[in-house]
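Here is query_17.pdb, consisting of PDB, C-alpha atoms and all ligand atoms:
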ATOM      1  CA  MET H   1      13.104  -2.965 -20.508
ATOM      2  CA  LYS H   2      16.835  -2.237 -20.445
ATOM      3  CA  GLY H   3      18.842  -3.966 -17.703
ATOM      4  CA  ALA H   4      17.467  -5.421 -14.505
ATOM      5  CA  LEU H   5      14.125  -4.409 -13.045
ATOM      6  CA  ARG H   6      14.984  -2.222 -10.027
ATOM      7  CA  VAL H   7      12.659  -2.433  -7.047
ATOM      8  CA  ALA H   8      13.360   0.065  -4.250
ATOM      9  CA  VAL H   9      12.066  -0.278  -0.698
ATOM     10  CA  VAL H  10      11.850   3.377   0.334
ATOM     11  CA  TYR H  11      13.365   4.300   3.703
ATOM     12  CA  PRO H  12      13.134   0.961   5.541
ATOM     13  CA  ASP H  13      14.831   2.756   8.471
ATOM     14  CA  LEU H  14      11.808   5.090   8.844
ATOM     15  CA  LEU H  15       8.921   3.188   7.227
ATOM     16  CA  GLY H  16       9.744  -0.355   8.301
ATOM     17  CA  THR H  17       7.490  -0.785  11.346
ATOM     18  CA  TYR H  18       4.896  -3.084   9.777
ATOM     19  CA  GLY H  19       6.965  -5.424   7.632
ATOM     20  CA  ASP H  20       5.825  -3.805   4.392
ATOM     21  CA  GLY H  21       9.363  -4.141   3.019
ATOM     22  CA  GLY H  22       8.176  -7.640   2.120
ATOM     23  CA  ASN H  23       6.285  -6.072  -0.797
ATOM     24  CA  GLY H  24       9.576  -5.190  -2.492
ATOM     25  CA  ALA H  25      10.950  -8.691  -1.926
ATOM     26  CA  ILE H  26       7.809 -10.244  -3.405
ATOM     27  CA  LEU H  27       7.949  -8.088  -6.540
ATOM     28  CA  ALA H  28      11.632  -8.871  -7.138
ATOM     29  CA  ARG H  29      11.136 -12.613  -6.553
ATOM     30  CA  ARG H  30       8.044 -12.901  -8.739
ATOM     31  CA  ALA H  31       9.973 -11.227 -11.564
ATOM     32  CA  GLN H  32      13.004 -13.521 -11.048
ATOM     33  CA  TRP H  33      10.872 -16.669 -10.885
ATOM     34  CA  ARG H  34       9.686 -15.774 -14.402
ATOM     35  CA  GLY H  35      13.196 -15.320 -15.702
ATOM     36  CA  PHE H  36      13.435 -11.512 -15.520
ATOM     37  CA  GLU H  37      16.514  -9.951 -13.986
ATOM     38  CA  ALA H  38      15.484  -8.015 -10.897
ATOM     39  CA  GLU H  39      17.363  -6.130  -8.229
ATOM     40  CA  LEU H  40      16.004  -5.245  -4.777
ATOM     41  CA  VAL H  41      17.399  -2.029  -3.279
ATOM     42  CA  GLN H  42      16.939  -0.993   0.362
ATOM     43  CA  ALA H  43      16.923   2.796  -0.044
ATOM     44  CA  VAL H  44      17.831   4.228   3.372
ATOM     45  CA  SER H  45      16.875   7.790   4.272
ATOM     46  CA  ASP H  46      20.480   9.052   4.666
ATOM     47  CA  ASP H  47      21.117   8.606   0.953
ATOM     48  CA  PRO H  48      19.576  10.241  -2.117
ATOM     49  CA  LEU H  49      16.679   8.109  -3.363
ATOM     50  CA  PRO H  50      18.032   5.878  -6.155
ATOM     51  CA  GLU H  51      16.556   5.546  -9.626
ATOM     52  CA  ALA H  52      14.185   2.591  -9.730
ATOM     53  CA  ASP H  53      11.308   1.134 -11.745
ATOM     54  CA  ILE H  54       9.149   0.349  -8.713
ATOM     55  CA  TYR H  55       9.099   2.158  -5.357
ATOM     56  CA  CYS H  56       7.525   0.535  -2.287
ATOM     57  CA  LEU H  57       6.677   2.720   0.710
ATOM     58  CA  GLY H  58       5.528   1.118   3.944
ATOM     59  CA  GLY H  59       3.850   2.019   7.207
ATOM     60  CA  GLY H  60       5.522   3.798  10.075
ATOM     61  CA  GLU H  61       5.016   5.833  13.220
ATOM     62  CA  ASP H  62       4.020   9.497  13.148
ATOM     63  CA  GLY H  63       7.493  11.039  13.799
ATOM     64  CA  PRO H  64       9.468   8.961  11.276
ATOM     65  CA  GLN H  65       6.616   9.441   8.802
ATOM     66  CA  VAL H  66       7.089  13.241   8.961
ATOM     67  CA  ARG H  67      10.851  12.851   8.436
ATOM     68  CA  ALA H  68      10.326  10.487   5.522
ATOM     69  CA  ALA H  69       7.894  12.893   3.813
ATOM     70  CA  ARG H  70      10.279  15.863   4.237
ATOM     71  CA  SER H  71      13.182  13.914   2.750
ATOM     72  CA  LEU H  72      11.107  12.681  -0.177
ATOM     73  CA  VAL H  73       9.780  16.178  -0.954
ATOM     74  CA  ASP H  74      13.292  17.707  -0.705
ATOM     75  CA  ASP H  75      14.917  14.871  -2.673
ATOM     76  CA  GLY H  76      12.421  15.136  -5.543
ATOM     77  CA  THR H  77      13.283  11.750  -7.088
ATOM     78  CA  LEU H  78      10.041   9.970  -6.182
ATOM     79  CA  ALA H  79       7.848  12.656  -7.801
ATOM     80  CA  ARG H  80      10.108  12.834 -10.859
ATOM     81  CA  ARG H  81      10.238   9.043 -11.343
ATOM     82  CA  ALA H  82       6.477   8.661 -10.788
ATOM     83  CA  GLY H  83       5.950  11.398 -13.400
ATOM     84  CA  ALA H  84       8.114   9.355 -15.778
ATOM     85  CA  GLY H  85       5.967   6.246 -15.293
ATOM     86  CA  ALA H  86       7.665   4.397 -12.433
ATOM     87  CA  VAL H  87       5.313   2.231 -10.369
ATOM     88  CA  VAL H  88       4.639   3.297  -6.775
ATOM     89  CA  LEU H  89       3.038   1.083  -4.119
ATOM     90  CA  ALA H  90       2.415   3.101  -0.958
ATOM     91  CA  VAL H  91       1.047   1.517   2.218
ATOM     92  CA  CYS H  92      -0.513   3.273   5.222
ATOM     93  CA  ALA H  93       1.986   5.966   6.368
ATOM     94  CA  GLY H  94       3.438   5.679   2.851
ATOM     95  CA  PHE H  95      -0.053   6.082   1.358
ATOM     96  CA  GLN H  96      -0.641   9.196   3.467
ATOM     97  CA  ILE H  97       2.783  10.566   2.415
ATOM     98  CA  VAL H  98       2.013  10.338  -1.300
ATOM     99  CA  GLY H  99      -1.131  12.433  -0.807
ATOM    100  CA  ARG H 100      -1.185  16.225  -0.518
ATOM    101  CA  SER H 101      -1.028  16.429   3.266
ATOM    102  CA  PHE H 102      -1.188  14.263   6.358
ATOM    103  CA  PRO H 103      -1.223  14.825  10.134
ATOM    104  CA  GLY H 104       1.735  14.672  12.506
ATOM    105  CA  ALA H 105       1.515  13.370  16.075
ATOM    106  CA  GLU H 106      -0.467  16.419  17.270
ATOM    107  CA  GLY H 107      -2.667  16.480  14.194
ATOM    108  CA  GLU H 108      -0.734  19.347  12.559
ATOM    109  CA  PRO H 109      -0.680  19.099   8.752
ATOM    110  CA  HIS H 110       2.494  18.149   6.879
ATOM    111  CA  GLU H 111       3.185  18.392   3.183
ATOM    112  CA  GLY H 112       3.049  15.151   1.208
ATOM    113  CA  VAL H 113       4.627  14.296  -2.130
ATOM    114  CA  GLY H 114       1.336  14.967  -3.952
ATOM    115  CA  LEU H 115       1.180  11.923  -6.231
ATOM    116  CA  LEU H 116      -2.441  11.245  -5.253
ATOM    117  CA  ALA H 117      -5.187  13.886  -4.989
ATOM    118  CA  MET H 118      -6.267  13.307  -1.399
ATOM    119  CA  GLU H 119      -5.570  14.466   2.102
ATOM    120  CA  THR H 120      -5.379  12.770   5.459
ATOM    121  CA  VAL H 121      -6.441  14.214   8.806
ATOM    122  CA  LYS H 122      -6.276  12.877  12.347
ATOM    123  CA  GLY H 123      -9.309  10.712  13.090
ATOM    124  CA  GLU H 124     -11.738  11.542  15.898
ATOM    125  CA  GLY H 125     -12.497   8.009  17.029
ATOM    126  CA  PRO H 126     -10.286   5.080  18.012
ATOM    127  CA  ARG H 127      -7.471   3.882  15.737
ATOM    128  CA  ALA H 128      -8.601   1.636  12.924
ATOM    129  CA  VAL H 129      -7.036  -1.709  13.856
ATOM    130  CA  GLY H 130      -7.859  -5.138  12.479
ATOM    131  CA  GLU H 131      -8.441  -7.332   9.476
ATOM    132  CA  VAL H 132      -9.768  -5.804   6.261
ATOM    133  CA  LEU H 133     -11.466  -7.199   3.156
ATOM    134  CA  VAL H 134     -11.659  -5.045   0.049
ATOM    135  CA  ASP H 135     -13.743  -5.462  -3.101
ATOM    136  CA  VAL H 136     -11.506  -4.032  -5.796
ATOM    137  CA  THR H 137     -13.249  -1.614  -8.129
ATOM    138  CA  GLY H 138     -10.329   0.409  -9.463
ATOM    139  CA  LEU H 139      -8.509  -2.420 -11.282
ATOM    140  CA  HIS H 140      -9.954  -5.114 -13.529
ATOM    141  CA  ASP H 141     -10.569  -8.676 -12.385
ATOM    142  CA  LEU H 142      -8.764  -8.677  -9.078
ATOM    143  CA  PRO H 143     -10.040 -11.013  -6.386
ATOM    144  CA  VAL H 144     -10.976  -9.620  -2.971
ATOM    145  CA  LEU H 145      -7.966  -8.127  -1.151
ATOM    146  CA  THR H 146      -7.096  -9.260   2.347
ATOM    147  CA  GLY H 147      -4.843  -7.430   4.783
ATOM    148  CA  PHE H 148      -4.808  -5.708   8.143
ATOM    149  CA  GLU H 149      -4.878  -2.057   9.071
ATOM    150  CA  ASN H 150      -3.546  -0.002  11.971
ATOM    151  CA  HIS H 151      -3.936   3.745  11.578
ATOM    152  CA  GLY H 152      -5.220   6.863  13.265
ATOM    153  CA  GLY H 153      -5.409   9.014  10.137
ATOM    154  CA  ARG H 154      -8.539   9.306   7.988
ATOM    155  CA  THR H 155      -8.102   9.893   4.276
ATOM    156  CA  ARG H 156     -10.459  11.889   2.066
ATOM    157  CA  LEU H 157     -10.096  11.412  -1.655
ATOM    158  CA  ASP H 158     -10.712  14.474  -3.837
ATOM    159  CA  ASP H 159     -13.750  14.228  -6.125
ATOM    160  CA  GLY H 160     -12.529  12.343  -9.172
ATOM    161  CA  THR H 161      -9.782  10.383  -7.377
ATOM    162  CA  THR H 162     -10.295   6.665  -7.975
ATOM    163  CA  PRO H 163     -10.329   4.446  -4.892
ATOM    164  CA  LEU H 164      -8.625   1.064  -5.060
ATOM    165  CA  GLY H 165     -11.865  -0.474  -3.851
ATOM    166  CA  HIS H 166     -14.431  -0.584  -1.075
ATOM    167  CA  VAL H 167     -14.186  -2.263   2.299
ATOM    168  CA  THR H 168     -16.603  -5.060   3.116
ATOM    169  CA  VAL H 169     -14.856  -5.517   6.464
ATOM    170  CA  GLY H 170     -12.700  -2.883   8.143
ATOM    171  CA  VAL H 171     -12.315   0.884   7.962
ATOM    172  CA  GLY H 172     -10.032   1.609   4.995
ATOM    173  CA  ASN H 173      -9.807   5.312   4.167
ATOM    174  CA  GLY H 174     -12.330   6.065   6.916
ATOM    175  CA  GLY H 175     -13.856   9.080   5.206
ATOM    176  CA  GLY H 176     -17.379   7.678   5.622
ATOM    177  CA  ASP H 177     -17.740   6.510   2.009
ATOM    178  CA  GLY H 178     -16.379   2.980   2.516
ATOM    179  CA  SER H 179     -13.544   3.571   0.086
ATOM    180  CA  GLU H 180     -10.138   1.953   0.456
ATOM    181  CA  GLY H 181      -6.897   3.192  -1.033
ATOM    182  CA  ALA H 182      -6.466   5.211  -4.193
ATOM    183  CA  LEU H 183      -5.097   4.905  -7.715
ATOM    184  CA  HIS H 184      -3.666   7.310 -10.228
ATOM    185  CA  GLY H 185      -1.760   6.065 -13.248
ATOM    186  CA  ARG H 186       0.805   3.644 -11.867
ATOM    187  CA  VAL H 187       0.568   4.915  -8.293
ATOM    188  CA  VAL H 188      -1.357   2.644  -5.925
ATOM    189  CA  GLY H 189      -2.043   3.548  -2.306
ATOM    190  CA  THR H 190      -3.660   1.358   0.332
ATOM    191  CA  TYR H 191      -3.988   0.972   4.085
ATOM    192  CA  LEU H 192      -3.455  -2.788   3.828
ATOM    193  CA  HIS H 193      -0.491  -4.318   5.609
ATOM    194  CA  GLY H 194       0.201  -8.020   5.346
ATOM    195  CA  PRO H 195       2.485  -7.439   3.468
ATOM    196  CA  VAL H 196      -0.352  -6.754   1.053
ATOM    197  CA  LEU H 197       1.458  -8.369  -1.913
ATOM    198  CA  ALA H 198       2.131 -11.560   0.078
ATOM    199  CA  ARG H 199      -1.565 -11.915   0.782
ATOM    200  CA  ASN H 200      -2.622 -10.755  -2.688
ATOM    201  CA  PRO H 201      -0.227 -12.011  -5.374
ATOM    202  CA  ALA H 202      -2.661 -10.934  -8.121
ATOM    203  CA  LEU H 203      -2.048  -7.310  -7.118
ATOM    204  CA  ALA H 204       1.721  -7.921  -7.184
ATOM    205  CA  ASP H 205       1.388  -9.141 -10.771
ATOM    206  CA  VAL H 206      -0.585  -6.062 -11.859
ATOM    207  CA  LEU H 207       2.260  -3.841 -10.586
ATOM    208  CA  LEU H 208       4.891  -6.079 -12.154
ATOM    209  CA  SER H 209       3.251  -6.124 -15.545
ATOM    210  CA  TRP H 210       3.054  -2.296 -15.507
ATOM    211  CA  ALA H 211       6.763  -2.101 -14.644
ATOM    212  CA  LEU H 212       7.646  -4.660 -17.315
ATOM    213  CA  GLY H 213       5.901  -2.664 -20.030
ATOM    214  CA  GLY H 214       2.677  -4.684 -20.073
ATOM    215  CA  ALA H 215       4.486  -8.034 -20.425
ATOM    216  CA  SER H 216       2.140 -10.969 -19.950
ATOM    217  CA  LEU H 217       3.308 -12.917 -16.948
ATOM    218  CA  ALA H 218       3.450 -16.695 -16.795
ATOM    219  CA  PRO H 219       1.385 -18.135 -13.942
ATOM    220  CA  LEU H 220       3.256 -19.145 -10.777
ATOM    221  CA  ASP H 221       2.423 -21.768  -8.200
ATOM    222  CA  ASP H 222       0.619 -19.624  -5.629
ATOM    223  CA  ALA H 223      -0.927 -22.542  -3.741
ATOM    224  CA  ALA H 224       0.541 -21.482  -0.371
ATOM    225  CA  ALA H 225      -0.642 -17.887  -0.781
ATOM    226  CA  GLU H 226      -4.064 -19.157  -1.899
ATOM    227  CA  ARG H 227      -4.393 -21.277   1.246
ATOM    228  CA  LEU H 228      -3.537 -18.238   3.387
ATOM    229  CA  ARG H 229      -6.046 -16.110   1.446
ATOM    230  CA  ASP H 230      -8.819 -18.691   1.801
ATOM    231  CA  GLU H 231      -8.164 -19.029   5.521
ATOM    232  CA  ARG H 232      -8.125 -15.244   6.102
ATOM    233  CA  VAL H 233     -11.124 -14.439   3.916
ATOM    234  CA  SER H 234     -13.314 -17.139   5.457
ATOM    235  CA  ALA H 235     -12.210 -16.482   9.066
ATOM    236  CA  VAL H 236     -12.750 -12.729   8.746
ATOM    237  CA  SER H 237     -16.086 -13.119   6.921
ATOM    238  CA  ARG H 238     -17.302 -15.596   9.563
ATOM    239  CA  ARG H 239     -16.416 -13.245  12.429
ATOM    240  CA  HIS H 240     -18.013 -10.358  10.582
ATOM    241  CA  ARG H 241     -21.268 -12.290   9.981
ATOM    242  CA  ARG H 242     -21.443 -13.205  13.649
ATOM    243  CA  GLY H 243     -20.973  -9.562  14.577
ATOM    244  CA  LEU H 244     -17.743 -10.329  16.406
ATOM    245  CA  HIS H 245     -15.679  -8.080  14.202
ATOM    246  CA  ARG H 246     -15.365  -4.397  15.035
ATOM    247  CA  ARG H 247     -17.690  -2.114  13.144
ATOM    248  CA  THR H 248     -16.593  -0.366   9.983
ATOM    249  CA  GLY H 249     -15.468   3.260   9.850
ATOM    250  CA  SER H 250     -18.749   4.482   8.409
ATOM    251  CA  ASP H 251     -20.430   3.344  11.647
ATOM    252  CA  ARG H 252     -18.171   5.414  13.868
TER
HETATM  253  N1  LIG H 301       0.969   7.179  11.522
HETATM  254  C1  LIG H 301      -0.072   6.881  10.600
HETATM  255  C2  LIG H 301      -1.453   6.757  11.244
HETATM  256  O1  LIG H 301      -1.573   6.327  12.360
HETATM  257  C3  LIG H 301       0.281   5.653   9.811
HETATM  258  C4  LIG H 301       0.286   4.364  10.605
HETATM  259  C5  LIG H 301       0.787   3.178   9.825
HETATM  260  O2  LIG H 301       1.603   3.321   8.929
HETATM  261  N2  LIG H 301       0.349   1.977  10.161
HETATM  262  O3  LIG H 301      -2.444   7.071  10.608
END
Translate this file's structure into structure tokens.
Amino acid sequence: MKGALRVAVVYPDLLGTYGDGGNGAILARRAQWRGFEAELVQAVSDDPLPEADIYCLGGGEDGPQVRAARSLVDDGTLARRAGAGAVVLAVCAGFQIVGRSFPGAEGEPHEGVGLLAMETVKGEGPRAVGEVLVDVTGLHDLPVLTGFENHGGRTRLDDGTTPLGHVTVGVGNGGGDGSEGALHGRVVGTYLHGPVLARNPALADVLLSWALGGASLAPLDDAAAERLRDERVSAVSRRHRRGLHRRTGSDR
């Protein structure tokens, strides 16, 4: 790769509610710790979206989410860069935005950027709120993902769209099939906050190796993240086994 790896946090002023900007920081740091030059850019919504190698979109509230989607569609850079092979990690509102359409506050449909073949509608039941565990099926050899979700929208993947995985605890996409997230090329969408890459460094390294042209990445000392993962996975599994956890979306 020529020059520094550029990681852009997309519209932290609109999609910064859930701390998902941490995903960008984690990607830049994990590259730097391995000796790669990396630059973290906070791409605010007043400015044209900059050129970057990785774009991270986070969660947000319904109104700002609509504004973010409009700006991204009008700006055109995200779709162009994704088409050219840039990596996109899109979380919750960001995930909904990179689909074909998603609901506003009253449930009215809004146009998404269309990087993933899926659409999101307003859910009938209560918001999906709580811890989530995901068995990853869409990427090789990734350990279970841990994170938390907080969304009203329900996402239906088109036939043929690959989910990131399947929930063993939590709601995920909420379309009744147990799927969580979606993948297409180097675009990854998920409902998992955390930030998801802080809780799941193995997923961070998949995205990094894509952005670094398939470079093999030296292992890092992830002992602190592993302790957090172990604690979360066993606490959530225990609660789930005892029936204390809320039911999954397919039960609603
Ligand atoms: N507004 C969206 C929903 O409720 C996204 C929420 C979020 O980003 N956490 O479905």
### Message
Please determine, counting all atoms listed in the file, which residue among H:Gly58, H:Pro50, H:Gly19, H:Pro163 has the shortest atom-to-atom distance to Leu139 (chain H).
### Response
H:Pro163
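When CA of Tyr11 (chain H) is paired with CA of Asn23 (chain H), their separation reads 13.3 Å.
Using only C-alpha atoms and all ligand atoms, the smallest distance between any of H:Ala69, H:Ala117, H:Ala202, H:Leu157 and ligand LIG 301 (chain H) comes from H:Ala69.
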### Message
Quick check on the file I pasted: which residues fall under the PyMOL selection byres (((chain H and resi 61) around 9) and not hetatm)? Write them as number ranges by chain.
### Response
H: 14-15, 17, 59-60, 62-66, 93, 105
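The residue that comes closest to ligand LIG 301 (chain H), out of H:Val88, H:Leu57, H:Ala38, H:Val236 and on the basis of all atoms listed in the file, is H:Leu57.
Near Glu180 (chain H), within 9 Å and counting all atoms listed in the file, sit H:Val134, H:Asp135, H:Val136, H:Pro163, H:Leu164, H:Gly165, H:His166, H:Val167, H:Val171, H:Gly172, H:Asn173, H:Gly174, H:Gly189, H:Thr190, H:Tyr191, H:Leu192; same-chain residues fewer than 6 positions away were not included.
Atom pair CA of Gly21 (chain H) / CA of Cys56 (chain H) has a distance of 7.3 Å (rounded to one decimal).
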### Selection dump of the PyMOL selection byres (((chain H and resi 97) around 10) and not hetatm), as a PyMOL selection string
chain H and resi 57-59+65-66+68-70+72-73+90-96+98-103+110-116+119-120+189
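Contact shell of Ser216 (chain H) at 12 Å (all atoms listed in the file; same-chain neighbours under 3 positions omitted): Ala31, Arg34, Asp205, Val206, Leu207, Leu208, Ser209, Trp210, Ala211, Leu212, Gly213 and Pro219 of chain H.
The smallest atom-to-atom distance between ligand LIG 301 (chain H) and any of H:Glu226, H:Asp13, H:Asp20, H:Asp141, using all atoms listed in the file, is found for H:Asp20.
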#### Entry: d(CA of Leu203 (chain H), CA of Met118 (chain H)) in Å
21.8 Å
### Message
I'd like the neighbourhood of Asn150 (chain H) as a ChimeraX atom specification, where a residue qualifies if any of its atoms comes within 7 Å (using all atoms listed in the file), though same-chain residues fewer than 4 positions away should be ignored.
### Response
/H:127-130
Pull C-alpha atoms from the residues just selected and write them as a short mmCIF file (atom, residue, chain, number, x, y, z; two decimals), keeping the file's coordinate frame.
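Output saved as selection36.cif:
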data_model
loop_
_atom_site.label_atom_id
_atom_site.label_comp_id
_atom_site.auth_asym_id
_atom_site.auth_seq_id
_atom_site.Cartn_x
_atom_site.Cartn_y
_atom_site.Cartn_z
CA ARG H 127 -7.47 3.88 15.74
CA ALA H 128 -8.60 1.64 12.92
CA VAL H 129 -7.04 -1.71 13.86
CA GLY H 130 -7.86 -5.14 12.48
#
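Distances to Ile54 (chain H) were evaluated for H:Arg6, H:His184, H:Arg232, H:Arg80 using only C-alpha atoms, and the minimum falls at H:Arg6.
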### Message
Please expand the PyMOL selection byres (((chain H and resi 43) around 9) and not hetatm) into the concrete residues it hits in this file, giving the result as a ChimeraX atom specification.
### Response
/H:8-13,41-42,44-50
How big is the axis-aligned box around the listed atoms of ligand LIG 301 (chain H) once 4 Å is added on each side, and where is its centre? Give both in Å to one decimal, as lines of an AutoDock Vina configuration file.
center_x = -0.4
center_y = 4.6
center_z = 10.6
size_x = 12.0
size_y = 13.2
size_z = 11.4
Please produce region 106-115 of chain H, completed to all heavy atoms, as a PDB file, keeping the file's coordinate frame.
ATOM      1  N   GLU H 106       0.524  15.535  16.627  1.00  0.00           N
ATOM      2  CA  GLU H 106      -0.467  16.419  17.270  1.00  0.00           C
ATOM      3  C   GLU H 106      -1.599  16.791  16.314  1.00  0.00           C
ATOM      4  O   GLU H 106      -2.401  17.672  16.629  1.00  0.00           O
ATOM      5  CB  GLU H 106       0.209  17.707  17.775  1.00  0.00           C
ATOM      6  CG  GLU H 106       1.440  17.500  18.656  1.00  0.00           C
ATOM      7  CD  GLU H 106       1.133  16.640  19.868  1.00  0.00           C
ATOM      8  OE1 GLU H 106       0.012  16.740  20.407  1.00  0.00           O
ATOM      9  OE2 GLU H 106       2.012  15.841  20.253  1.00  0.00           O
ATOM     10  N   GLY H 107      -1.609  16.190  15.167  1.00  0.00           N
ATOM     11  CA  GLY H 107      -2.667  16.480  14.194  1.00  0.00           C
ATOM     12  C   GLY H 107      -2.316  17.610  13.242  1.00  0.00           C
ATOM     13  O   GLY H 107      -3.104  17.957  12.361  1.00  0.00           O
ATOM     14  N   GLU H 108      -1.123  18.218  13.426  1.00  0.00           N
ATOM     15  CA  GLU H 108      -0.734  19.347  12.559  1.00  0.00           C
ATOM     16  C   GLU H 108      -0.446  18.838  11.141  1.00  0.00           C
ATOM     17  O   GLU H 108       0.113  17.757  10.971  1.00  0.00           O
ATOM     18  CB  GLU H 108       0.489  20.074  13.145  1.00  0.00           C
ATOM     19  CG  GLU H 108       1.835  19.369  13.026  1.00  0.00           C
ATOM     20  CD  GLU H 108       2.013  18.134  13.925  1.00  0.00           C
ATOM     21  OE1 GLU H 108       1.083  17.763  14.648  1.00  0.00           O
ATOM     22  OE2 GLU H 108       3.113  17.525  13.870  1.00  0.00           O
ATOM     23  N   PRO H 109      -0.855  19.602  10.124  1.00  0.00           N
ATOM     24  CA  PRO H 109      -0.680  19.099   8.752  1.00  0.00           C
ATOM     25  C   PRO H 109       0.762  19.185   8.260  1.00  0.00           C
ATOM     26  O   PRO H 109       1.481  20.128   8.569  1.00  0.00           O
ATOM     27  CB  PRO H 109      -1.576  20.019   7.919  1.00  0.00           C
ATOM     28  CG  PRO H 109      -1.782  21.237   8.734  1.00  0.00           C
ATOM     29  CD  PRO H 109      -1.565  20.888  10.172  1.00  0.00           C
ATOM     30  N   HIS H 110       1.172  18.172   7.517  1.00  0.00           N
ATOM     31  CA  HIS H 110       2.494  18.149   6.879  1.00  0.00           C
ATOM     32  C   HIS H 110       2.311  17.932   5.389  1.00  0.00           C
ATOM     33  O   HIS H 110       1.387  17.241   4.967  1.00  0.00           O
ATOM     34  CB  HIS H 110       3.350  17.016   7.463  1.00  0.00           C
ATOM     35  CG  HIS H 110       3.756  17.285   8.875  1.00  0.00           C
ATOM     36  ND1 HIS H 110       4.872  18.021   9.205  1.00  0.00           N
ATOM     37  CD2 HIS H 110       3.167  16.932  10.032  1.00  0.00           C
ATOM     38  CE1 HIS H 110       4.962  18.097  10.530  1.00  0.00           C
ATOM     39  NE2 HIS H 110       3.942  17.447  11.049  1.00  0.00           N
ATOM     40  N   GLU H 111       3.249  18.490   4.642  1.00  0.00           N
ATOM     41  CA  GLU H 111       3.185  18.392   3.183  1.00  0.00           C
ATOM     42  C   GLU H 111       3.529  16.973   2.727  1.00  0.00           C
ATOM     43  O   GLU H 111       4.525  16.390   3.184  1.00  0.00           O
ATOM     44  CB  GLU H 111       4.193  19.388   2.574  1.00  0.00           C
ATOM     45  CG  GLU H 111       4.185  19.390   1.069  1.00  0.00           C
ATOM     46  CD  GLU H 111       5.326  20.237   0.485  1.00  0.00           C
ATOM     47  OE1 GLU H 111       6.160  20.764   1.248  1.00  0.00           O
ATOM     48  OE2 GLU H 111       5.369  20.331  -0.752  1.00  0.00           O
ATOM     49  N   GLY H 112       2.729  16.433   1.820  1.00  0.00           N
ATOM     50  CA  GLY H 112       3.049  15.151   1.208  1.00  0.00           C
ATOM     51  C   GLY H 112       3.681  15.352  -0.161  1.00  0.00           C
ATOM     52  O   GLY H 112       3.904  16.482  -0.603  1.00  0.00           O
ATOM     53  N   VAL H 113       3.948  14.245  -0.834  1.00  0.00           N
ATOM     54  CA  VAL H 113       4.627  14.296  -2.130  1.00  0.00           C
ATOM     55  C   VAL H 113       3.638  14.666  -3.253  1.00  0.00           C
ATOM     56  O   VAL H 113       4.045  15.110  -4.319  1.00  0.00           O
ATOM     57  CB  VAL H 113       5.320  12.938  -2.429  1.00  0.00           C
ATOM     58  CG1 VAL H 113       6.077  12.962  -3.745  1.00  0.00           C
ATOM     59  CG2 VAL H 113       6.279  12.577  -1.298  1.00  0.00           C
ATOM     60  N   GLY H 114       2.338  14.493  -3.002  1.00  0.00           N
ATOM     61  CA  GLY H 114       1.336  14.967  -3.952  1.00  0.00           C
ATOM     62  C   GLY H 114       1.151  14.105  -5.196  1.00  0.00           C
ATOM     63  O   GLY H 114       0.743  14.600  -6.237  1.00  0.00           O
ATOM     64  N   LEU H 115       1.413  12.804  -5.069  1.00  0.00           N
ATOM     65  CA  LEU H 115       1.180  11.923  -6.231  1.00  0.00           C
ATOM     66  C   LEU H 115      -0.291  11.537  -6.349  1.00  0.00           C
ATOM     67  O   LEU H 115      -0.741  11.154  -7.429  1.00  0.00           O
ATOM     68  CB  LEU H 115       2.014  10.636  -6.113  1.00  0.00           C
ATOM     69  CG  LEU H 115       3.521  10.786  -5.890  1.00  0.00           C
ATOM     70  CD1 LEU H 115       4.180   9.414  -5.839  1.00  0.00           C
ATOM     71  CD2 LEU H 115       4.137  11.648  -6.973  1.00  0.00           C
TER      72      LEU H 115
END
